[in-house]
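Here's the structure we're looking at; comments come further down.
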Amino acid sequence: MATVELRFSAQPEHVRTARLVAAAVARRAGVDEAVLDEVRLAVGEACSRAVGLHRSHGITAPVSVALTEEEKTFSIEVGDSVPGPGGGPVEPGARNGAGASGTGPARTDPEMDGEGEDEMGLAVISGLVDDVEVRSGAGGGVIRMSWPTADAAVRP
């Protein structure tokens, strides 16, 4: 299992770099060329969401991205440091696209204007990725996305 880890300060200009790195690592891992645009867009949304959460909560810790190549899948985890309620998924069943509209409870303060953007970003991600999981806890939140690799599509 090969993993590439990326950490960047919560600045919007770094999101593009994360997208480019994710697409390059996904290509190398064997993700189908037709899916690379979805990978790029999903990572961009997840990273933009993390950057927005960090900025709106005044958190200076970096946003983290882990890109992992496993035997039959390629997964990406985008983590933020914004504490959220509980330690479980934000929305039950937020895997494999089933009910994963991402419109579950947001971790942002309801009085903040960014809540709608947060929900919209999660909805876009769930529309792009079939296997997505959103978790939050006291240490921050994680969006985990995964795609099959070409090896998985060939194998029965």
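By order of appearance in the structure tokens: chains A, B, ..., then residues from 1 within every chain, and ligands from 1 in the order shown.
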
**Study point:** Neighbour list for Glu38 of chain A as a list in words, cut-off 12 Å, only C-alpha atoms, skip fewer than 5 positions in-chain
**Key:**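 My reading of the contact set: Arg19, Ala22, Ala23, Ala26, Val31, Asp32, Glu33, Val43, Gly44, Glu45, Val124, Ile125, Ser126, Gly127, Leu128, Val129, Asp130, Met145, Ser146 and Trp147 of chain A.
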
**Study point:** Gly30 of chain A surroundings by only C-alpha atoms, 12 Å radius, close-in-sequence under 3 positions cut, as a PyMOL selection string
**Key:** chain A and resi 23-27+33-36+68-75+147-154
